[in-house]
Amino acid sequence: MRSLQSAGLFLAAHLSILSLQGEPAMDFVANYCFECHDEDVQKGERHFDHLTFPLTDEMGIISVQEIIDQLNLGQMPPKKADQPSHEEKAAAIAALTAQVADAHARLKSTGGQTLLRRLNEREYLNTLEDLFARRVDTFAPTSTFPTDQTDHHIDTIGDALVTSGFLLDNYFAAADLVVEKALGIEKKPEVKTWTFSDQFTQGQELSYSHKKVYNYRYLCVYEVPNSTNHEGGYAGLEKFPEGVHAPGYYEVKALAHSMNRDSHYDPDIFRMDLSEPFRLGIVPGDARIGELHHPQPVEPQLDEVTVADGEPQWYTMKVWLEKGQQPRFIFPNGMANCRQAFSKIARDYKTEWPKSDPYKGGIVEARRIVLQHGKMPHIRMHEVKIRGPLYETWPPEPQEMVLGENGFEKKRQAEILEQFAERAFRRPVTEEELQRFVDLAETREAEGHSPRQATLDAIKGILCAPSFLYLHEASDPHRGLLGPYDLASRLSYFLTASMPDETLYSAAKSGAILDEETLIAETKRLLASPQSDDFLSGFLDSWLNLRALGDTPPDRNVSAPYYYDDLETAMKEEAKHFTRHLISENRPITDFLSSDYTFLNKPLAHHYRIPFPFPDKKAYTFQKVSLPDKKRGGLLGMGAVLTVSANGIETSPVVRGVYVMENILGTPPPPPPDDVPALEPDIRGAKTVRDQLAKHRELATCADCHQKIDPPGFALENYDPIGRWRTQYPDAKGKPTGPKIDPTGQLYDGAEFRHVMDLKKILLNRKDQFTKQLAEELLAYGTGRRIEILDRPRVDAIVKTVTEKGLGMQDLVLEVVCSEIFRSR
């Protein structure tokens with residue numbers, strides 16, 4: 001009893017002290033916050049006159065934490081208001097922080113929880129590939145799925161991933177398609193060989209000239225696949241419309257050589273790098289779907305070789321084709337537009353044509369005369385051989401993995417279903433669950449289906465079960481922590497966007513994954529695996545919104561290299577290689593803010609105007625490149641960031657400023673008031689965007705927010721809509737002779753900069769803020785929920801530990817994984 005009385009006296013004394021500490025804190029809030037944030041004004045929908053100290057509820061914690069954040073950022077009080085002295089401000093932050101820390105401890109605030117969430121489309125496809133040991137991108141089972149919704153660009157947030165009746169119907173159809181593709185063939189298909197050595201008819205645009213000049217002796221490819229007119233970017237086998245007779249790997253041989261890489265025509269006609277060897281790739285094609293020389297919905301690149309000049313040589317590629325598909329040849333580093341090239345060469349070099357066969361005009365004759373008398377760069381194939389399907393073993397790996405090494409056996413039906421369901425559910429199945437699927441198989445068998453087909457139908461049912469489609473994530477009711485199977489799944493989907501592999505699942509089965517040492521070891525192993533490429537892509541798409549790259553494509557005439565050099569892909573790869581380097585080398589995360597290196601291929605290096613001696617035949621392989629200056633280096637110099645934060649036509653300091661605040665600093669501005677007119681960027685060059693924004697800030701409702709938003713955007717104005725460096729805006733004709741760019745500015749807290757290099761230095765001084773932002777992005781992406789203010793003590797603990805360790809990127813990921821937030825529901 002005495003101990004209880006002592007505890008009560010201690011608590012009363014503690015609260016009394018806090019109440020005394022709260023008086024100066026309350027005075028500060030009243031003096032500097034109530035003018036804009038009391039019950040009558042409520043700017044930003046915030047009012048703080050309801051606060052009492054000590055804090056008594058979670059809403060009070062949230063309100064006070066917001067005040068602390070704004071004071072630390074130097075964004076409050078606003079410039080026009082009375083300002084506290086540095087000492088007042090520091091004392092207020094200390095007092096308010098003490099109140100928040102005490103409230104967290106007394107109220108035992110736990111932060112948010114992850115809702116039951118389904119697999120997003122990426123995770124669903126990856127999981128299917130791992131379940132069946134078979135690629136699925138060659139038939140796209142999710143092509144009719146509705147687009148996943150995101151929350152602040154993140155595609156793993158549980159309550160954003162809604163499930164509709166339409167999506168459920170698509171799950172049923174996808175399950176049927178996948179199971180039949182992977183397991184449907186009972187007998188080993190016959191190996192067949194096809195040879196094509198003449199009658200290479202191509203698309204209708206090239207048909208006349210190829211017949212006239214070559215009599216269809218050659219199969220040729222001229223341009224990149226993503227050209228405008230789609231005349232010579234795909235070379236299909238028009239005489240093979242039925243495609244292959246069975247799915248599997250096929251050996252495709254092509255007798256080919258590069259033609260006219262030494263062409264003397266103006267290089268600007270082709271907009272390609274003739275100094276580099278030509279690349280020949282294969283994508284699948286299906287004559288039942290559409291024209292073979294046009295893009296098709298399903299066309300992942302399956303393989304690629306480099307083709308030499310001189311006499312034709314045999315080149316062999318091994319590719320996976322579905323039944324009915326055929327190989328289509330592409331030219332990944334071909335010219336930008338062969339139709340335009342044919343016309344320009346025929347017209348500009350008409351003095352080179354025989355007097356007996358002059359160019360008389362028109363695109364049809366242009367193609368013929370250039371092919372007959374000119375030196376048009378292209379890849380020419382004389383013969384194509386296809387052989388397959390080539391199965392090294394039978395049953396093939398998908399069937400062996402699911403049905404067993406001897407194929408389907410009726411006596412093992414329940415065992416087959418149990419093993420598959422355990423892998424699909426990512427945990428052991430209960431007897432009740434298993435019986436449902438056994439009953440389904442027996443029902444299908446009673447309806448007249450074979451035992452094998454009935455079992456496949458039950459497997460389809462497993463693929464439509466909530467335990468497959470959703471991450472269950474049940475927690476220990478006493479500690480609130482995830483169990484071993486759920487923790488393993490969370491880790492696996494975080495770092496590989498797929499189901500746990502055998503090693504991780506074994507650690508879950510033994511319970512070892514709950515041990516922090518094992519958890520760290522598994523995290524390091526997964527980060528070092530090729531499967532973590534899916535983490536890099538998914539996280540960068542979510543954090544930096546790189547998923548939206550290409551949503552507002554740039555003008556093909558103004559930004560042609562973006563297309564013919566495939567800069568969109570290269571920009572994403574730069575960000576991925578950079579992040580991979582930070583993780584594998586445990587480089588400090590401040591390299592995201594400023595670095596003296598990046599990763600480039602030759603086209604991207606040319607785009608950035610950075611000279612670098614790429615090794616022979618390595619032009620398209622990304623290399624670590626030392627940077628000559630600070631214009632590049634870090635996120636703000638990357639083409640992906642600069643392009644996704646523009647509109648494809650012109651830049652906007654507002655859009656880029658908001659991007660920096662949201663994604664780099666983690667301080668998104670409030671949405672504009674409904675009655676504020678939109679500001680359209682001036683693309684005529686008559687006056688600068690800075691001038692327009694100055695007028696925009698004359699509106700009282702706009703001034704305060706734009707003083708925060710615009711300055712970071714001004715620093716990035718030296719980069720055009722696809723990230724090229726510039727010093728002047730384009731004039732009315734699009735030439736770089738318009739008004740001079742002024743990249744100077746002052747941040748809201750008074751920090752001044754002359755250019756983007758100065759802005760990077762300012763951001764480096766705010767590394768704690770950036771570390772918190774990056775930690776929260778990783779946590780939100782990994783847990784599938786928003787990180788809330790009530791999570792702040794745990795986030796701050798991560799930031800503190802990582803800072804003490806030197807801000808290493810791998811250390812940050814490890815601290816995130818080991819955190820209570822990640823390990824809890």
# chains A, B, ... in the order shown; residues from 1 in each chain; ligands from 1
>>> select_by_dssp(residues="segment 359-592 of chain A", states="alpha helix (DSSP H)", output="PyMOL selection string")
chain A and resi 363-373+397-403+413-425+431-446+451-463+466-469+484-495+502-510+516-528+533-543+561-564+567-584
>>> write_last_selection(atoms="C-alpha atoms", output="compact mmCIF listing (two decimals), in the first residue's frame")
# COMPACT_ATOMS: atom_id res chain seq x y z
CA ILE A 363 7.93 8.51 -99.86
CA VAL A 364 7.39 5.26 -101.78
CA GLU A 365 10.04 6.17 -104.35
CA ALA A 366 12.28 7.60 -101.61
CA ARG A 367 12.45 4.23 -99.89
CA ARG A 368 13.16 2.41 -103.14
CA ILE A 369 15.86 4.73 -104.41
CA VAL A 370 17.74 4.96 -101.09
CA LEU A 371 17.74 1.18 -100.65
CA GLN A 372 18.78 0.59 -104.26
CA HIS A 373 21.45 3.26 -104.62
CA GLU A 397 10.31 -27.07 -63.71
CA PRO A 398 6.87 -25.49 -63.06
CA GLN A 399 5.18 -28.89 -63.05
CA GLU A 400 7.92 -30.53 -61.02
CA MET A 401 7.74 -27.72 -58.45
CA VAL A 402 3.95 -27.91 -58.08
CA LEU A 403 2.98 -31.48 -58.99
CA GLN A 413 -3.61 -34.96 -54.58
CA ALA A 414 -4.03 -33.72 -50.99
CA GLU A 415 -0.24 -33.49 -50.54
CA ILE A 416 0.09 -31.46 -53.77
CA LEU A 417 -2.61 -29.03 -52.65
CA GLU A 418 -1.18 -28.69 -49.15
CA GLN A 419 2.35 -27.97 -50.38
CA PHE A 420 1.15 -25.45 -52.95
CA ALA A 421 -1.19 -23.71 -50.52
CA GLU A 422 1.60 -23.41 -47.93
CA ARG A 423 3.84 -21.72 -50.45
CA ALA A 424 1.02 -19.51 -51.77
CA PHE A 425 -0.21 -18.49 -48.30
CA GLU A 431 -6.66 -28.76 -41.86
CA GLU A 432 -9.90 -26.85 -42.41
CA GLU A 433 -8.34 -24.73 -45.16
CA LEU A 434 -6.82 -27.74 -46.88
CA GLN A 435 -10.08 -29.67 -46.77
CA ARG A 436 -11.88 -26.88 -48.64
CA PHE A 437 -9.53 -27.25 -51.58
CA VAL A 438 -9.58 -31.06 -51.48
CA ASP A 439 -13.39 -30.86 -51.51
CA LEU A 440 -13.23 -28.52 -54.50
CA ALA A 441 -11.03 -30.98 -56.41
CA GLU A 442 -13.36 -33.85 -55.59
CA THR A 443 -16.37 -31.82 -56.72
CA ARG A 444 -14.73 -31.02 -60.05
CA GLU A 445 -13.82 -34.68 -60.48
CA ALA A 446 -17.41 -35.71 -59.77
CA PRO A 451 -8.22 -36.03 -61.43
CA ARG A 452 -5.35 -33.96 -62.82
CA GLN A 453 -7.61 -31.21 -64.16
CA ALA A 454 -9.64 -31.23 -60.97
CA THR A 455 -6.44 -30.66 -59.00
CA LEU A 456 -5.45 -27.78 -61.29
CA ASP A 457 -8.87 -26.23 -60.69
CA ALA A 458 -8.32 -26.47 -56.93
CA ILE A 459 -4.94 -24.74 -57.40
CA LYS A 460 -6.78 -21.95 -59.21
CA GLY A 461 -8.99 -21.68 -56.15
CA ILE A 462 -5.93 -21.27 -53.94
CA LEU A 463 -4.80 -18.39 -56.17
CA PRO A 466 -7.77 -14.14 -49.51
CA SER A 467 -4.76 -15.76 -47.83
CA PHE A 468 -2.92 -15.58 -51.15
CA LEU A 469 -4.15 -12.20 -52.32
CA PRO A 484 7.52 -15.26 -37.70
CA TYR A 485 5.66 -16.00 -40.94
CA ASP A 486 4.17 -12.52 -41.17
CA LEU A 487 7.49 -10.85 -40.40
CA ALA A 488 9.19 -12.97 -43.08
CA SER A 489 6.51 -12.00 -45.61
CA ARG A 490 6.77 -8.32 -44.72
CA LEU A 491 10.54 -8.41 -45.11
CA SER A 492 10.35 -10.32 -48.38
CA TYR A 493 7.74 -8.07 -49.99
CA PHE A 494 9.66 -5.03 -48.76
CA LEU A 495 12.99 -6.06 -50.30
CA GLU A 502 13.29 -21.06 -49.15
CA THR A 503 15.98 -19.65 -46.87
CA LEU A 504 13.77 -16.93 -45.45
CA TYR A 505 10.80 -19.27 -45.10
CA SER A 506 12.98 -21.74 -43.19
CA ALA A 507 13.97 -18.94 -40.82
CA ALA A 508 10.27 -18.22 -40.30
CA LYS A 509 9.44 -21.91 -39.77
CA SER A 510 12.10 -22.27 -37.09
CA GLU A 516 17.38 -9.65 -34.46
CA GLU A 517 20.69 -11.15 -35.52
CA THR A 518 18.92 -13.46 -37.99
CA LEU A 519 16.67 -10.63 -39.16
CA ILE A 520 19.70 -8.48 -39.94
CA ALA A 521 21.48 -11.34 -41.72
CA GLU A 522 18.42 -12.05 -43.87
CA THR A 523 18.02 -8.37 -44.68
CA LYS A 524 21.63 -8.13 -45.84
CA ARG A 525 21.26 -11.32 -47.89
CA LEU A 526 18.14 -10.07 -49.67
CA LEU A 527 19.63 -6.63 -50.30
CA ALA A 528 22.60 -8.30 -52.00
CA ASP A 533 16.10 -4.85 -58.02
CA ASP A 534 12.34 -4.95 -57.44
CA PHE A 535 12.86 -3.08 -54.16
CA LEU A 536 14.91 -0.43 -55.92
CA SER A 537 12.34 0.04 -58.67
CA GLY A 538 9.32 -0.04 -56.39
CA PHE A 539 10.75 2.20 -53.70
CA LEU A 540 12.14 4.82 -56.08
CA ASP A 541 8.84 4.83 -57.98
CA SER A 542 7.07 5.45 -54.68
CA TRP A 543 9.44 7.87 -52.96
CA PRO A 561 16.97 12.10 -77.83
CA TYR A 562 14.54 11.26 -75.05
CA TYR A 563 12.99 8.76 -77.47
CA TYR A 564 15.68 7.47 -79.79
CA LEU A 567 16.54 8.21 -71.99
CA GLU A 568 13.45 7.47 -69.93
CA THR A 569 14.78 3.99 -69.17
CA ALA A 570 18.34 5.27 -68.75
CA MET A 571 17.24 7.94 -66.25
CA LYS A 572 15.49 5.36 -64.10
CA GLU A 573 18.53 3.11 -64.30
CA GLU A 574 20.79 5.93 -63.11
CA ALA A 575 18.65 6.34 -59.98
CA LYS A 576 18.60 2.57 -59.39
CA HIS A 577 22.36 2.11 -59.83
CA PHE A 578 23.03 5.10 -57.58
CA THR A 579 20.79 3.75 -54.82
CA ARG A 580 22.20 0.24 -55.23
CA HIS A 581 25.70 1.69 -54.74
CA LEU A 582 24.66 3.50 -51.57
CA ILE A 583 23.23 0.29 -50.14
CA SER A 584 26.00 -2.12 -51.15
>>> residues_around(residues="Met272 of chain A", least_positions_apart="5", cutoff="8 Å", atoms="only C-alpha atoms", output="PyMOL selection string")
chain A and resi 267+333-336+564-565
>>> write_last_selection(atoms="all heavy atoms", output="PDB file, in the first residue's frame")
ATOM      1  N   PRO A 267      24.783  12.893 -90.006  1.00  0.00           N
ATOM      2  CA  PRO A 267      24.340  12.081 -88.862  1.00  0.00           C
ATOM      3  C   PRO A 267      23.029  12.555 -88.247  1.00  0.00           C
ATOM      4  O   PRO A 267      22.304  11.754 -87.647  1.00  0.00           O
ATOM      5  CB  PRO A 267      25.499  12.210 -87.862  1.00  0.00           C
ATOM      6  CG  PRO A 267      26.686  12.577 -88.684  1.00  0.00           C
ATOM      7  CD  PRO A 267      26.156  13.422 -89.809  1.00  0.00           C
ATOM      8  N   ASN A 333      19.260   0.305 -80.759  1.00  0.00           N
ATOM      9  CA  ASN A 333      20.007   1.551 -80.975  1.00  0.00           C
ATOM     10  C   ASN A 333      19.962   1.966 -82.446  1.00  0.00           C
ATOM     11  O   ASN A 333      20.915   2.511 -82.995  1.00  0.00           O
ATOM     12  CB  ASN A 333      21.452   1.431 -80.486  1.00  0.00           C
ATOM     13  CG  ASN A 333      22.251   0.342 -81.203  1.00  0.00           C
ATOM     14  OD1 ASN A 333      21.680  -0.627 -81.706  1.00  0.00           O
ATOM     15  ND2 ASN A 333      23.567   0.499 -81.244  1.00  0.00           N
ATOM     16  N   GLY A 334      18.815   1.720 -83.046  1.00  0.00           N
ATOM     17  CA  GLY A 334      18.630   2.120 -84.445  1.00  0.00           C
ATOM     18  C   GLY A 334      18.360   3.606 -84.591  1.00  0.00           C
ATOM     19  O   GLY A 334      18.419   4.374 -83.629  1.00  0.00           O
ATOM     20  N   MET A 335      18.042   4.014 -85.816  1.00  0.00           N
ATOM     21  CA  MET A 335      17.775   5.438 -86.072  1.00  0.00           C
ATOM     22  C   MET A 335      16.441   5.838 -85.466  1.00  0.00           C
ATOM     23  O   MET A 335      15.599   4.994 -85.117  1.00  0.00           O
ATOM     24  CB  MET A 335      17.816   5.724 -87.567  1.00  0.00           C
ATOM     25  CG  MET A 335      16.701   5.092 -88.377  1.00  0.00           C
ATOM     26  SD  MET A 335      16.913   5.397 -90.150  1.00  0.00           S
ATOM     27  CE  MET A 335      18.323   4.357 -90.527  1.00  0.00           C
ATOM     28  N   ALA A 336      16.213   7.152 -85.366  1.00  0.00           N
ATOM     29  CA  ALA A 336      15.015   7.652 -84.701  1.00  0.00           C
ATOM     30  C   ALA A 336      13.765   7.437 -85.533  1.00  0.00           C
ATOM     31  O   ALA A 336      12.710   7.083 -85.004  1.00  0.00           O
ATOM     32  CB  ALA A 336      15.178   9.138 -84.377  1.00  0.00           C
ATOM     33  N   TYR A 564      14.817   8.381 -79.039  1.00  0.00           N
ATOM     34  CA  TYR A 564      15.684   7.467 -79.788  1.00  0.00           C
ATOM     35  C   TYR A 564      16.851   6.948 -78.955  1.00  0.00           C
ATOM     36  O   TYR A 564      17.425   5.908 -79.281  1.00  0.00           O
ATOM     37  CB  TYR A 564      16.154   8.081 -81.111  1.00  0.00           C
ATOM     38  CG  TYR A 564      17.060   9.292 -81.035  1.00  0.00           C
ATOM     39  CD1 TYR A 564      18.391   9.196 -80.667  1.00  0.00           C
ATOM     40  CD2 TYR A 564      16.585  10.550 -81.403  1.00  0.00           C
ATOM     41  CE1 TYR A 564      19.220  10.298 -80.637  1.00  0.00           C
ATOM     42  CE2 TYR A 564      17.407  11.663 -81.386  1.00  0.00           C
ATOM     43  CZ  TYR A 564      18.727  11.534 -80.997  1.00  0.00           C
ATOM     44  OH  TYR A 564      19.543  12.634 -80.976  1.00  0.00           O
ATOM     45  N   ASP A 565      17.214   7.638 -77.876  1.00  0.00           N
ATOM     46  CA  ASP A 565      18.232   7.118 -76.966  1.00  0.00           C
ATOM     47  C   ASP A 565      17.620   6.413 -75.759  1.00  0.00           C
ATOM     48  O   ASP A 565      18.349   5.999 -74.849  1.00  0.00           O
ATOM     49  CB  ASP A 565      19.142   8.254 -76.473  1.00  0.00           C
ATOM     50  CG  ASP A 565      20.267   8.560 -77.455  1.00  0.00           C
ATOM     51  OD1 ASP A 565      20.600   7.676 -78.258  1.00  0.00           O
ATOM     52  OD2 ASP A 565      20.799   9.690 -77.414  1.00  0.00           O
TER      53      ASP A 565
END
>>> residues_around(residues="segment 221-237 of chain A", least_positions_apart="4", cutoff="6 Å", atoms="only C-alpha atoms", output="count of residues only")
15
>>> select_by_dssp(residues="segment 467-616 of chain A", states="strand (DSSP E)", output="PyMOL selection string")
chain A and resi 470-471+597-600
>>> write_last_selection(atoms="N, CA, C and O atoms", output="compact mmCIF listing (two decimals), in the first residue's frame")
# COMPACT_ATOMS: atom_id res chain seq x y z
N TYR A 470 -3.94 -11.46 -50.02
CA TYR A 470 -3.72 -10.47 -48.96
C TYR A 470 -2.55 -10.88 -48.08
O TYR A 470 -2.30 -12.08 -47.87
N LEU A 471 -1.87 -9.87 -47.54
CA LEU A 471 -0.86 -10.10 -46.51
C LEU A 471 -1.57 -10.08 -45.18
O LEU A 471 -2.11 -9.05 -44.77
N TYR A 597 29.82 11.96 -58.01
CA TYR A 597 29.77 10.84 -58.94
C TYR A 597 28.31 10.51 -59.24
O TYR A 597 27.38 10.91 -58.52
N THR A 598 28.11 9.76 -60.31
CA THR A 598 26.81 9.15 -60.59
C THR A 598 27.05 7.94 -61.48
O THR A 598 28.20 7.54 -61.68
N PHE A 599 25.99 7.35 -62.01
CA PHE A 599 26.10 6.17 -62.87
C PHE A 599 25.42 6.47 -64.19
O PHE A 599 24.23 6.83 -64.21
N LEU A 600 26.18 6.31 -65.29
CA LEU A 600 25.68 6.70 -66.60
C LEU A 600 26.00 5.64 -67.65
O LEU A 600 26.98 4.92 -67.53
>>> closest_residue(among="A:Arg117, A:Gln75, A:Thr52, A:Thr552", to="Cys705 of chain A", atoms="only C-alpha atoms")
A:Gln75
>>> atom_distance(atom1="atom CA of Thr496 of chain A", atom2="atom CA of Thr127 of chain A")
9.9 Å
>>> residues_around(residues="Leu593 of chain A", least_positions_apart="5", cutoff="7 Å", atoms="only C-alpha atoms", output="PyMOL selection string")
chain A and resi 634-635+760+763-764
>>> write_last_selection(atoms="all heavy atoms", output="PDB file, in the first residue's frame")
ATOM      1  N   GLY A 634      23.834  13.682 -56.954  1.00  0.00           N
ATOM      2  CA  GLY A 634      22.682  13.744 -56.077  1.00  0.00           C
ATOM      3  C   GLY A 634      21.386  13.780 -56.868  1.00  0.00           C
ATOM      4  O   GLY A 634      21.373  13.887 -58.098  1.00  0.00           O
ATOM      5  N   LEU A 635      20.284  13.698 -56.154  1.00  0.00           N
ATOM      6  CA  LEU A 635      18.977  13.607 -56.806  1.00  0.00           C
ATOM      7  C   LEU A 635      18.654  14.815 -57.663  1.00  0.00           C
ATOM      8  O   LEU A 635      18.050  14.690 -58.738  1.00  0.00           O
ATOM      9  CB  LEU A 635      17.882  13.433 -55.733  1.00  0.00           C
ATOM     10  CG  LEU A 635      17.933  12.147 -54.914  1.00  0.00           C
ATOM     11  CD1 LEU A 635      16.882  12.182 -53.817  1.00  0.00           C
ATOM     12  CD2 LEU A 635      17.713  10.932 -55.812  1.00  0.00           C
ATOM     13  N   LYS A 760      22.188  22.760 -52.778  1.00  0.00           N
ATOM     14  CA  LYS A 760      22.624  21.459 -52.269  1.00  0.00           C
ATOM     15  C   LYS A 760      23.360  21.606 -50.943  1.00  0.00           C
ATOM     16  O   LYS A 760      23.196  20.790 -50.024  1.00  0.00           O
ATOM     17  CB  LYS A 760      23.527  20.770 -53.292  1.00  0.00           C
ATOM     18  CG  LYS A 760      22.816  20.304 -54.554  1.00  0.00           C
ATOM     19  CD  LYS A 760      23.810  19.642 -55.495  1.00  0.00           C
ATOM     20  CE  LYS A 760      23.169  19.238 -56.806  1.00  0.00           C
ATOM     21  NZ  LYS A 760      24.137  18.580 -57.712  1.00  0.00           N
ATOM     22  N   LEU A 763      20.838  22.072 -48.245  1.00  0.00           N
ATOM     23  CA  LEU A 763      20.171  20.815 -47.927  1.00  0.00           C
ATOM     24  C   LEU A 763      21.071  19.905 -47.097  1.00  0.00           C
ATOM     25  O   LEU A 763      20.593  19.174 -46.215  1.00  0.00           O
ATOM     26  CB  LEU A 763      19.742  20.103 -49.214  1.00  0.00           C
ATOM     27  CG  LEU A 763      18.665  20.812 -50.044  1.00  0.00           C
ATOM     28  CD1 LEU A 763      18.360  20.013 -51.306  1.00  0.00           C
ATOM     29  CD2 LEU A 763      17.393  21.022 -49.228  1.00  0.00           C
ATOM     30  N   LEU A 764      22.378  19.937 -47.362  1.00  0.00           N
ATOM     31  CA  LEU A 764      23.310  19.127 -46.571  1.00  0.00           C
ATOM     32  C   LEU A 764      23.299  19.552 -45.104  1.00  0.00           C
ATOM     33  O   LEU A 764      23.513  18.726 -44.216  1.00  0.00           O
ATOM     34  CB  LEU A 764      24.724  19.238 -47.143  1.00  0.00           C
ATOM     35  CG  LEU A 764      24.994  18.451 -48.422  1.00  0.00           C
ATOM     36  CD1 LEU A 764      26.368  18.803 -48.998  1.00  0.00           C
ATOM     37  CD2 LEU A 764      24.918  16.938 -48.165  1.00  0.00           C
TER      38      LEU A 764
END
>>> atom_distance(atom1="atom CA of Val283 of chain A", atom2="atom CA of Val641 of chain A")
29.3 Å
>>> residues_around(residues="Pro84 of chain A", least_positions_apart="3", cutoff="12 Å", atoms="only C-alpha atoms", output="list in words")
Asp27, Phe28, Val29, Asn31, Tyr32, Cys33, Leu71, Gly74, Met76, Pro77, Pro78, Lys79, Ala81, Glu87, Glu88, Lys89, Ala90, Ala91, Ala92 and Ile93 of chain A
>>> closest_residue(among="A:Glu650, A:Asp273, A:Glu304, A:Glu777", to="Asp720 of chain A", atoms="only C-alpha atoms")
A:Glu650
>>> closest_residue(among="A:Ala256, A:Ala780, A:Ile269, A:Leu627", to="Gly158 of chain A", atoms="only C-alpha atoms")
A:Ala780
>>> decode(residues="segment 70-83 of chain A", atoms="N, CA and C atoms", output="mmCIF file, in the first residue's frame")
data_model
loop_
_atom_site.group_PDB
_atom_site.id
_atom_site.type_symbol
_atom_site.label_atom_id
_atom_site.label_comp_id
_atom_site.auth_asym_id
_atom_site.auth_seq_id
_atom_site.Cartn_x
_atom_site.Cartn_y
_atom_site.Cartn_z
ATOM 1 N N GLN A 70 7.396 23.005 -37.176
ATOM 2 C CA GLN A 70 7.412 24.289 -37.879
ATOM 3 C C GLN A 70 8.467 25.229 -37.306
ATOM 4 N N LEU A 71 8.660 25.193 -35.995
ATOM 5 C CA LEU A 71 9.706 26.018 -35.385
ATOM 6 C C LEU A 71 11.090 25.547 -35.825
ATOM 7 N N ASN A 72 11.305 24.238 -35.826
ATOM 8 C CA ASN A 72 12.612 23.703 -36.250
ATOM 9 C C ASN A 72 12.905 24.012 -37.706
ATOM 10 N N LEU A 73 11.869 24.030 -38.542
ATOM 11 C CA LEU A 73 12.056 24.319 -39.967
ATOM 12 C C LEU A 73 12.207 25.810 -40.246
ATOM 13 N N GLY A 74 11.939 26.639 -39.245
ATOM 14 C CA GLY A 74 12.021 28.089 -39.450
ATOM 15 C C GLY A 74 10.880 28.642 -40.272
ATOM 16 N N GLN A 75 9.775 27.894 -40.354
ATOM 17 C CA GLN A 75 8.665 28.319 -41.193
ATOM 18 C C GLN A 75 7.579 29.033 -40.399
ATOM 19 N N MET A 76 7.661 28.972 -39.103
ATOM 20 C CA MET A 76 6.719 29.655 -38.235
ATOM 21 C C MET A 76 7.486 30.285 -37.080
ATOM 22 N N PRO A 77 7.033 31.431 -36.569
ATOM 23 C CA PRO A 77 5.951 32.268 -37.082
ATOM 24 C C PRO A 77 6.276 32.828 -38.471
ATOM 25 N N PRO A 78 5.232 33.187 -39.261
ATOM 26 C CA PRO A 78 5.493 33.745 -40.591
ATOM 27 C C PRO A 78 6.287 35.044 -40.499
ATOM 28 N N LYS A 79 6.965 35.374 -41.589
ATOM 29 C CA LYS A 79 7.878 36.523 -41.575
ATOM 30 C C LYS A 79 7.204 37.825 -41.173
ATOM 31 N N LYS A 80 5.938 37.981 -41.578
ATOM 32 C CA LYS A 80 5.261 39.255 -41.313
ATOM 33 C C LYS A 80 4.824 39.378 -39.846
ATOM 34 N N ALA A 81 4.869 38.277 -39.099
ATOM 35 C CA ALA A 81 4.425 38.285 -37.705
ATOM 36 C C ALA A 81 5.584 38.639 -36.771
ATOM 37 N N ASP A 82 5.255 38.915 -35.517
ATOM 38 C CA ASP A 82 6.292 39.150 -34.512
ATOM 39 C C ASP A 82 7.152 37.905 -34.380
ATOM 40 N N GLN A 83 8.463 38.122 -34.227
ATOM 41 C CA GLN A 83 9.397 37.001 -34.179
ATOM 42 C C GLN A 83 9.987 36.840 -32.782
#
